[in-house]
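A short write-up of the structure that comes next.
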Amino acid sequence: MGRSSHGCSVLGSSLLLLLLCLLGSAAAQKASTWKTLSGDSPLVIAKGGFSGLFPDSSEFAYGSAPGAALWCDVQLTKDGAGICLPTINMDNCTSISVVDPKGMKTYNVNGVPLKGWFPMDYNSTELLQQVFLKQPILSRTVRFDGLSIVPVEDVLSKYKTPAVWLNVQHDSFYSQFKLSMRSYILSVSKQFVVDYISSPEVNFLNSLLGRVNKKTKLVFRFLDEQTIEPSTNQTYGSILKNLTFIKTFASGILVPKQYILPVTKDNYLQPHTSVVDDAHKAGLEIYAADFANDFLISYNYSYDPLAEYLSFIDNGAFSVDGVLTDFPITPSEAIGCFSNLNDSKADHAKPLIISHNGASGDYPDCTDLAYQKAVADGADVIDCPVQVTKDGIPICMSSIDLGDVTTVATSQFASQTTVVNDIKATPGVYSFNLTWEDISKNLKPKISNPMSKYQLYRNPRNRNAGNFMRLSDFLDFTKGKDLSGVMISIERAAFMAEKLGFGVVDAVIKALDDSGYSKQTTQKVMIQSTNSSVLVKFKQQTKYNLVYMIEEDVRDAAPSSIADIKKFADAVSVNTMSVYPVTDNFLTNQTNNLVQSLQSAGLPVYVYVLMNEFVSQPYDFFSDATQQINAYVKRPDGGVDGVITDFPATAHRYKLNSCMNMGNNTPGFMIPAQPGGLIENMPGVAQPPSIAPLPPLTESDVAEPPLPAVNNTKAPASSHAAIRVRADVSAVLVTLMLCASFMI
């Protein structure tokens, strides 16, 4: 009787050790008073193990969540054996339809006809030896499919875990087939320690009362409020109003998270309900369900799953007693390192948090609202990518093509599309086609949606919110703010000089002089460009901090290229691929030395662009933006000096975490991802294709011809006429732009 202290031996040793470290107990990391019923830290419950990464209820999933309570959805086979499967219909989560293609049946499950393959139609030998698990969630990797179904007894005995939670969802259904879930649960309870037993059926929990170990907690599980509970014939919403009744047979309740923090139809948070306080007043623990890092969460969380967990455990008003999750690592870090933080604490030390078009994950790029939120969210540096208008005014705008970032496609200027081959081969309406008044008075901003192909959109209520800003407006705004600096990005300087007659370097220097930035030292001025000649010219005329942006995916930099960079730059920004190479959304085990090489030469390194949307991150970061930041900052071979991000709030909170400077005592869930760790533990046939080593950055990659002299014959006010354009843009192209705008 009891539970072993070792992990599942089927896991590869390196992955097992990594995940054992990652998911150490969160409770031990912070001694503080919690607003839970007991005052202890909330319980992390791993639904089917680490099912956000591995197939639910598989050996890998259970063996990868040692610091969390292990959840098993108990199903019964024809011969009365207990197995762990996430649903009673085995079709989506197993290979049963391949093994027995003619075995589909239809049963009435709690009053609803359900078609599929069911465990009670097969004996345990068939299922354990012939049927394999697969990942049922389409956004998750299928490269770990093919693992065996796990008996309930294995979960109770083989895995290192603080608790085992058995959930019995369909007791009354199984009884129709002369299978007694009650008898099975009582039998295993005599052989093993069962810490929690939950069910949405009142009669089932009542039947266990007084017959299981006194230490076993019985938990009543609530389903949708309008669903009928089969024992009482009442809706779960009605039962929720009578918590004293539940207290007669259960010590706790498990509710969908929307019971606590409901959302509107358009997915924004509403005020929290009183259900947590009501449960605690009734002497009931309350656990929240349905957490997953890769599910769509309320827009209020800005695609940050850690923020969602904190809203349930560390909001100042209440704390649930536990969370049921597919990704146990994230609530573990929330409990162990991110609770009770001083969010007002200013900290401009490493890593530097540099906004990308302001807080562009929450508001349209480079608008006053995006910049205000970036400052409020704790950015160290906010940025302005400079474009120029028809009347020669430098403005902050993330794209030279207004169609990317404004509502120009639905404006009176939609017909002014032109083709500028120096920029791109397709038509656009460019910033230099319109005056500042045209833009500021007739167009609205449009929020960027870089993950729209996955149907993930940013803050829809504010998709067109905010005002555009000139560079002078931006510099006036930043003065006096709690910032360590500003970053001005300049691209296409040669094009502007030759084709528009506009000297962007001189214009930026003048704007900085006019705003007083050239005469102050409180805030650092950073100039960023992919064009070395732009930085050379700034170095000749100013003493600003110059940042060279490497566009290429490179593994290292040749000594000669670094020597060249040091002649004109003080820091370097690199893309994520150059730090952590990726194949098929997995980190490879390739060793890139770029960060170390640049830092050894005295060049700080900033990584770009970090986003919170889980589809932007390799699987190795567990769909958790905080894990992504941690991997870059705490990289064993040398962490980056700063991050360039659409979501400064997430990065700022990371800097404040209580585990930031714990050295060798850093809890396992804050240890950076091991590159190649997941790939190495896949069967050979399941491994993604390897990628060729990235090339090094060479001297020729860095070298650029000097910027051309400004063509003074090209007055900015008529610059659009000086460019060779295609004036006969068809109505079809205009219509396409209109359609694209409405879709976004």
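In the structure tokens, each chain is lettered A, B, ... as it comes, each chain's residues begin at 1, and ligands are numbered from 1 in order of appearance.
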- Task: Might you pull out every residue within 12 Å of Gln412 of chain A, with only C-alpha atoms counted and same-chain residues fewer than 3 positions away left off, and present them as a list in words?
- Result: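 Counting only C-alpha atoms, the residues come to Thr407, Val408, Ala409, Ser415, Gln416, Thr417, Val429, Leu434, Asp438, Ile439, Lys441, Asn442, Leu443, Val734 and Leu738 of chain A.
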Report as JSON lines: every residue of segment 299-340 of chain A with an atom at most 7 Å from segment 34-44 of chain A, its closest pair of atoms, and their distance in Å to one decimal, counting only C-alpha atoms, with rows sorted by chain and ascending residue number.
{"residue": "A:Phe318", "atom": "CA", "partner": "A:Lys35", "partner_atom": "CA", "distance": 5.4}
{"residue": "A:Ser319", "atom": "CA", "partner": "A:Lys35", "partner_atom": "CA", "distance": 5.0}
{"residue": "A:Val320", "atom": "CA", "partner": "A:Thr36", "partner_atom": "CA", "distance": 5.9}
{"residue": "A:Asp321", "atom": "CA", "partner": "A:Pro42", "partner_atom": "CA", "distance": 4.6}
{"residue": "A:Gly322", "atom": "CA", "partner": "A:Leu43", "partner_atom": "CA", "distance": 4.1}
{"residue": "A:Val323", "atom": "CA", "partner": "A:Val44", "partner_atom": "CA", "distance": 5.4}
{"residue": "A:Leu324", "atom": "CA", "partner": "A:Val44", "partner_atom": "CA", "distance": 6.6}
{"residue": "A:Pro328", "atom": "CA", "partner": "A:Val44", "partner_atom": "CA", "distance": 6.4}
{"residue": "A:Pro331", "atom": "CA", "partner": "A:Val44", "partner_atom": "CA", "distance": 6.6}
{"residue": "A:Ser332", "atom": "CA", "partner": "A:Val44", "partner_atom": "CA", "distance": 6.8}
- Message: Excluding Ala497 of chain A and its own-chain neighbours fewer than 2 positions away, which residues fall within 12 Å of it when counting only C-alpha atoms? Please give them as a list in words.
- Response: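 My reading of the contact set: Val388, Gly392, Glu491, Arg492, Ala493, Ala494, Phe495, Lys499, Leu500, Gly501, Phe502, Gly503, Val504, Val505, Asp506, Ala507, Val534, Pro706, Leu707, Pro708, Ala709, Val710, Asn711, Asn712, Thr713, Lys714, Ala715, Pro716 and Ser719 of chain A.
Between atom CA of Gly639 of chain A and atom CA of Gln596 of chain A there is a distance of 8.5 Å.
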- Message: Counting only C-alpha atoms, which residue out of A:Pro230, A:Gly358, A:Gly516, A:Gly116 sits closest to Phe204 of chain A?
- Response: A:Pro230
- Write out as a PyMOL selection string which residues come within 7 Å of segment 127-141 of chain A when counting only C-alpha atoms, dropping same-chain ones fewer than 2 positions away. chain A and resi 53+55-56+58+92-96+99+122-125+143+145-149
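Using only C-alpha atoms, the smallest distance between any of A:Ile329, A:Met496, A:Ile335, A:Val219 and Ile286 of chain A comes from A:Val219.
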- Item | DSSP alpha helix (DSSP H) selection over segment 510-574 of chain A, as JSON, numbers by chain | {"A": [510, 511, 512, 513, 514, 515, 532, 533, 534, 535, 536, 537, 538, 539, 540, 541, 559, 560, 561, 562, 563, 564, 565, 566, 567, 568]}
If you keep N, CA, C and O atoms, can you produce a file of those selected residues as a CSV table (one decimal), in the first residue's frame?
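again06.csv written:
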chain,number,residue,atom,x,y,z
A,510,LYS,N,17.4,66.3,-35.5
A,510,LYS,CA,16.8,67.6,-35.3
A,510,LYS,C,15.7,67.5,-34.2
A,510,LYS,O,15.5,68.3,-33.3
A,511,ALA,N,14.8,66.4,-34.4
A,511,ALA,CA,13.7,66.2,-33.5
A,511,ALA,C,14.3,66.0,-32.1
A,511,ALA,O,13.7,66.5,-31.1
A,512,LEU,N,15.3,65.2,-31.9
A,512,LEU,CA,15.9,65.0,-30.6
A,512,LEU,C,16.5,66.3,-30.0
A,512,LEU,O,16.4,66.5,-28.8
A,513,ASP,N,17.1,67.1,-30.9
A,513,ASP,CA,17.6,68.4,-30.4
A,513,ASP,C,16.5,69.3,-30.0
A,513,ASP,O,16.6,69.9,-28.9
A,514,ASP,N,15.5,69.3,-30.8
A,514,ASP,CA,14.3,70.2,-30.5
A,514,ASP,C,13.6,69.8,-29.2
A,514,ASP,O,13.1,70.7,-28.4
A,515,SER,N,13.6,68.5,-28.9
A,515,SER,CA,12.9,68.0,-27.7
A,515,SER,C,13.8,68.1,-26.4
A,515,SER,O,13.3,67.9,-25.3
A,532,SER,N,23.9,49.4,-41.5
A,532,SER,CA,25.1,49.9,-40.7
A,532,SER,C,25.4,51.3,-41.1
A,532,SER,O,25.9,52.1,-40.3
A,533,SER,N,25.1,51.7,-42.3
A,533,SER,CA,25.4,53.1,-42.8
A,533,SER,C,24.6,54.1,-42.0
A,533,SER,O,25.1,55.2,-41.8
A,534,VAL,N,23.4,53.8,-41.6
A,534,VAL,CA,22.6,54.7,-40.8
A,534,VAL,C,23.3,54.9,-39.4
A,534,VAL,O,23.4,56.0,-39.0
A,535,LEU,N,23.7,53.8,-38.8
A,535,LEU,CA,24.4,53.9,-37.5
A,535,LEU,C,25.7,54.7,-37.7
A,535,LEU,O,26.2,55.4,-36.8
A,536,VAL,N,26.5,54.4,-38.8
A,536,VAL,CA,27.7,55.1,-39.0
A,536,VAL,C,27.5,56.6,-39.0
A,536,VAL,O,28.2,57.4,-38.4
A,537,LYS,N,26.4,57.1,-39.7
A,537,LYS,CA,26.2,58.5,-39.8
A,537,LYS,C,25.8,59.1,-38.4
A,537,LYS,O,26.2,60.2,-38.1
A,538,PHE,N,25.0,58.3,-37.6
A,538,PHE,CA,24.7,58.8,-36.3
A,538,PHE,C,25.9,58.9,-35.4
A,538,PHE,O,26.1,59.8,-34.6
A,539,LYS,N,26.8,57.9,-35.6
A,539,LYS,CA,28.0,57.9,-34.8
A,539,LYS,C,28.9,59.1,-35.1
A,539,LYS,O,29.6,59.7,-34.2
A,540,GLN,N,28.9,59.5,-36.4
A,540,GLN,CA,29.6,60.7,-36.8
A,540,GLN,C,29.1,62.0,-36.2
A,540,GLN,O,29.8,63.0,-36.0
A,541,GLN,N,27.8,62.0,-36.0
A,541,GLN,CA,27.2,63.3,-35.6
A,541,GLN,C,26.6,63.4,-34.2
A,541,GLN,O,26.3,64.4,-33.7
A,559,PRO,N,34.7,36.8,-36.4
A,559,PRO,CA,35.4,37.9,-35.7
A,559,PRO,C,35.5,39.2,-36.5
A,559,PRO,O,35.4,40.2,-35.9
A,560,SER,N,35.7,39.0,-37.8
A,560,SER,CA,35.8,40.2,-38.6
A,560,SER,C,34.5,41.0,-38.6
A,560,SER,O,34.5,42.2,-38.7
A,561,SER,N,33.3,40.3,-38.6
A,561,SER,CA,32.1,41.0,-38.7
A,561,SER,C,31.8,41.7,-37.3
A,561,SER,O,31.2,42.8,-37.3
A,562,ILE,N,32.2,41.0,-36.2
A,562,ILE,CA,32.1,41.7,-34.9
A,562,ILE,C,32.9,42.9,-34.8
A,562,ILE,O,32.5,43.9,-34.3
A,563,ALA,N,34.2,42.8,-35.3
A,563,ALA,CA,35.0,44.0,-35.3
A,563,ALA,C,34.4,45.1,-36.1
A,563,ALA,O,34.5,46.3,-35.7
A,564,ASP,N,33.8,44.8,-37.2
A,564,ASP,CA,33.1,45.9,-38.0
A,564,ASP,C,31.9,46.5,-37.2
A,564,ASP,O,31.7,47.7,-37.2
A,565,ILE,N,31.1,45.6,-36.6
A,565,ILE,CA,30.0,46.1,-35.8
A,565,ILE,C,30.4,47.0,-34.7
A,565,ILE,O,29.8,48.1,-34.4
A,566,LYS,N,31.5,46.7,-34.0
A,566,LYS,CA,32.0,47.5,-32.9
A,566,LYS,C,32.4,48.9,-33.4
A,566,LYS,O,32.5,49.8,-32.6
A,567,LYS,N,32.7,49.1,-34.7
A,567,LYS,CA,33.1,50.4,-35.2
A,567,LYS,C,31.9,51.4,-35.2
A,567,LYS,O,32.1,52.6,-35.1
A,568,PHE,N,30.7,50.8,-35.2
A,568,PHE,CA,29.5,51.8,-35.3
A,568,PHE,C,28.4,51.5,-34.4
A,568,PHE,O,27.4,52.3,-34.3
- Task: List every residue of segment 130-305 of chain A that DSSP, applied to the backbone of this structure, places in strand (DSSP E or B), and write the result as a PyMOL selection string.
- Result: chain A and resi 132-133+147-148+150-151+164-167+196-199+217-221+228-229+234-235+252-256+263+269+285-291
Just-selected residues, N, CA, C and O atoms written as a CSV table (one decimal), in the first residue's frame:
chain,number,residue,atom,x,y,z
A,132,PHE,N,-3.7,2.5,-28.5
A,132,PHE,CA,-2.7,3.5,-28.0
A,132,PHE,C,-3.3,4.9,-27.9
A,132,PHE,O,-4.3,5.2,-28.6
A,133,LEU,N,-2.7,5.7,-27.1
A,133,LEU,CA,-3.2,7.0,-26.9
A,133,LEU,C,-2.7,8.0,-27.9
A,133,LEU,O,-1.7,7.8,-28.5
A,147,LEU,N,1.5,6.1,-27.2
A,147,LEU,CA,1.8,5.6,-25.8
A,147,LEU,C,0.7,4.8,-25.3
A,147,LEU,O,-0.5,4.9,-25.8
A,148,SER,N,1.0,3.9,-24.4
A,148,SER,CA,0.0,2.9,-23.9
A,148,SER,C,-1.0,3.6,-22.9
A,148,SER,O,-0.7,4.5,-22.2
A,150,VAL,N,-3.0,3.7,-19.5
A,150,VAL,CA,-2.4,3.5,-18.1
A,150,VAL,C,-3.5,3.0,-17.2
A,150,VAL,O,-4.6,3.6,-17.1
A,151,PRO,N,-3.4,1.8,-16.5
A,151,PRO,CA,-4.3,1.4,-15.5
A,151,PRO,C,-4.4,2.3,-14.3
A,151,PRO,O,-3.4,3.0,-14.0
A,164,VAL,N,-3.1,11.9,-5.5
A,164,VAL,CA,-3.8,11.3,-6.6
A,164,VAL,C,-5.2,11.6,-6.5
A,164,VAL,O,-5.8,11.5,-5.5
A,165,TRP,N,-5.8,12.1,-7.6
A,165,TRP,CA,-7.2,12.5,-7.7
A,165,TRP,C,-7.9,11.7,-8.7
A,165,TRP,O,-7.6,11.7,-9.9
A,166,LEU,N,-8.9,10.9,-8.3
A,166,LEU,CA,-9.7,10.1,-9.2
A,166,LEU,C,-11.0,10.7,-9.4
A,166,LEU,O,-11.7,11.1,-8.5
A,167,ASN,N,-11.3,11.0,-10.7
A,167,ASN,CA,-12.6,11.6,-11.1
A,167,ASN,C,-13.5,10.5,-11.7
A,167,ASN,O,-13.1,9.8,-12.7
A,196,TYR,N,-8.0,12.2,-3.3
A,196,TYR,CA,-9.3,12.9,-3.7
A,196,TYR,C,-10.1,12.0,-4.6
A,196,TYR,O,-9.6,11.3,-5.5
A,197,ILE,N,-11.4,12.1,-4.5
A,197,ILE,CA,-12.4,11.4,-5.4
A,197,ILE,C,-13.4,12.5,-5.7
A,197,ILE,O,-14.0,13.1,-4.8
A,198,SER,N,-13.6,12.7,-7.0
A,198,SER,CA,-14.6,13.7,-7.4
A,198,SER,C,-15.6,13.0,-8.3
A,198,SER,O,-15.3,12.0,-9.0
A,199,SER,N,-16.8,13.6,-8.4
A,199,SER,CA,-17.9,13.1,-9.3
A,199,SER,C,-18.9,14.2,-9.4
A,199,SER,O,-19.2,15.0,-8.5
A,217,LYS,N,-10.5,13.0,0.4
A,217,LYS,CA,-11.5,14.1,0.3
A,217,LYS,C,-12.5,13.8,-0.9
A,217,LYS,O,-12.0,13.4,-2.0
A,218,LEU,N,-13.7,13.9,-0.6
A,218,LEU,CA,-14.8,13.8,-1.6
A,218,LEU,C,-15.1,15.2,-2.1
A,218,LEU,O,-15.4,16.1,-1.3
A,219,VAL,N,-15.1,15.3,-3.4
A,219,VAL,CA,-15.3,16.6,-4.1
A,219,VAL,C,-16.5,16.5,-5.1
A,219,VAL,O,-16.4,15.7,-6.0
A,220,PHE,N,-17.4,17.4,-4.9
A,220,PHE,CA,-18.6,17.4,-5.9
A,220,PHE,C,-18.2,18.3,-7.1
A,220,PHE,O,-17.8,19.5,-6.9
A,221,ARG,N,-18.3,17.7,-8.3
A,221,ARG,CA,-17.9,18.4,-9.5
A,221,ARG,C,-19.1,19.0,-10.2
A,221,ARG,O,-20.1,18.3,-10.5
A,228,ILE,N,-28.5,19.1,-16.2
A,228,ILE,CA,-29.2,18.4,-15.1
A,228,ILE,C,-28.3,17.4,-14.4
A,228,ILE,O,-27.7,16.5,-15.0
A,229,GLU,N,-28.3,17.5,-13.1
A,229,GLU,CA,-27.6,16.5,-12.3
A,229,GLU,C,-28.5,15.2,-12.2
A,229,GLU,O,-29.7,15.4,-11.7
A,234,GLN,N,-31.9,18.2,-10.6
A,234,GLN,CA,-31.8,19.6,-10.5
A,234,GLN,C,-30.7,20.1,-11.4
A,234,GLN,O,-29.7,19.3,-11.7
A,235,THR,N,-30.7,21.3,-11.8
A,235,THR,CA,-29.6,21.9,-12.6
A,235,THR,C,-28.4,22.1,-11.6
A,235,THR,O,-28.6,22.3,-10.4
A,252,GLY,N,-15.4,19.5,-0.5
A,252,GLY,CA,-15.0,20.5,-1.5
A,252,GLY,C,-15.9,20.4,-2.7
A,252,GLY,O,-16.6,19.5,-3.0
A,253,ILE,N,-15.7,21.5,-3.6
A,253,ILE,CA,-16.4,21.5,-4.9
A,253,ILE,C,-15.4,21.8,-5.9
A,253,ILE,O,-14.4,22.5,-5.7
A,254,LEU,N,-15.6,21.3,-7.1
A,254,LEU,CA,-14.8,21.6,-8.3
A,254,LEU,C,-15.7,22.3,-9.3
A,254,LEU,O,-16.7,21.7,-9.7
A,255,VAL,N,-15.4,23.5,-9.7
A,255,VAL,CA,-16.3,24.3,-10.6
A,255,VAL,C,-15.5,24.7,-11.9
A,255,VAL,O,-14.3,25.0,-11.8
A,256,PRO,N,-16.2,24.9,-13.0
A,256,PRO,CA,-15.6,25.5,-14.1
A,256,PRO,C,-15.2,26.9,-13.7
A,256,PRO,O,-15.8,27.6,-13.0
A,263,VAL,N,-17.1,35.5,-18.1
A,263,VAL,CA,-16.7,36.3,-19.3
A,263,VAL,C,-17.9,36.7,-20.1
A,263,VAL,O,-18.9,36.0,-20.1
A,269,LEU,N,-13.5,39.8,-19.3
A,269,LEU,CA,-13.9,39.4,-17.9
A,269,LEU,C,-15.0,40.3,-17.3
A,269,LEU,O,-15.1,41.5,-17.6
A,285,GLU,N,-13.8,23.5,0.5
A,285,GLU,CA,-12.7,23.9,-0.4
A,285,GLU,C,-13.3,24.0,-1.8
A,285,GLU,O,-14.2,23.4,-2.2
A,286,ILE,N,-12.7,24.9,-2.6
A,286,ILE,CA,-13.2,25.1,-3.9
A,286,ILE,C,-12.0,25.1,-4.9
A,286,ILE,O,-11.0,25.8,-4.8
A,287,TYR,N,-12.2,24.3,-5.9
A,287,TYR,CA,-11.2,24.1,-7.0
A,287,TYR,C,-11.7,24.5,-8.3
A,287,TYR,O,-12.9,24.3,-8.6
A,288,ALA,N,-10.9,25.2,-9.1
A,288,ALA,CA,-11.3,25.7,-10.4
A,288,ALA,C,-10.7,24.8,-11.5
A,288,ALA,O,-9.6,24.4,-11.5
A,289,ALA,N,-11.6,24.6,-12.5
A,289,ALA,CA,-11.2,23.7,-13.6
A,289,ALA,C,-11.2,24.4,-14.9
A,289,ALA,O,-11.5,25.6,-15.0
A,290,ASP,N,-10.7,23.7,-16.0
A,290,ASP,CA,-10.7,24.1,-17.4
A,290,ASP,C,-9.5,25.1,-17.7
A,290,ASP,O,-9.6,25.9,-18.6
A,291,PHE,N,-8.4,24.9,-17.0
A,291,PHE,CA,-7.2,25.7,-17.3
A,291,PHE,C,-6.3,25.0,-18.4
A,291,PHE,O,-6.1,23.8,-18.2
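Of the listed residues A:Ala557, A:Met104, A:Lys655, A:Gln523, the one whose atoms come nearest to Thr698 of chain A is A:Ala557, with distances taken using only C-alpha atoms.
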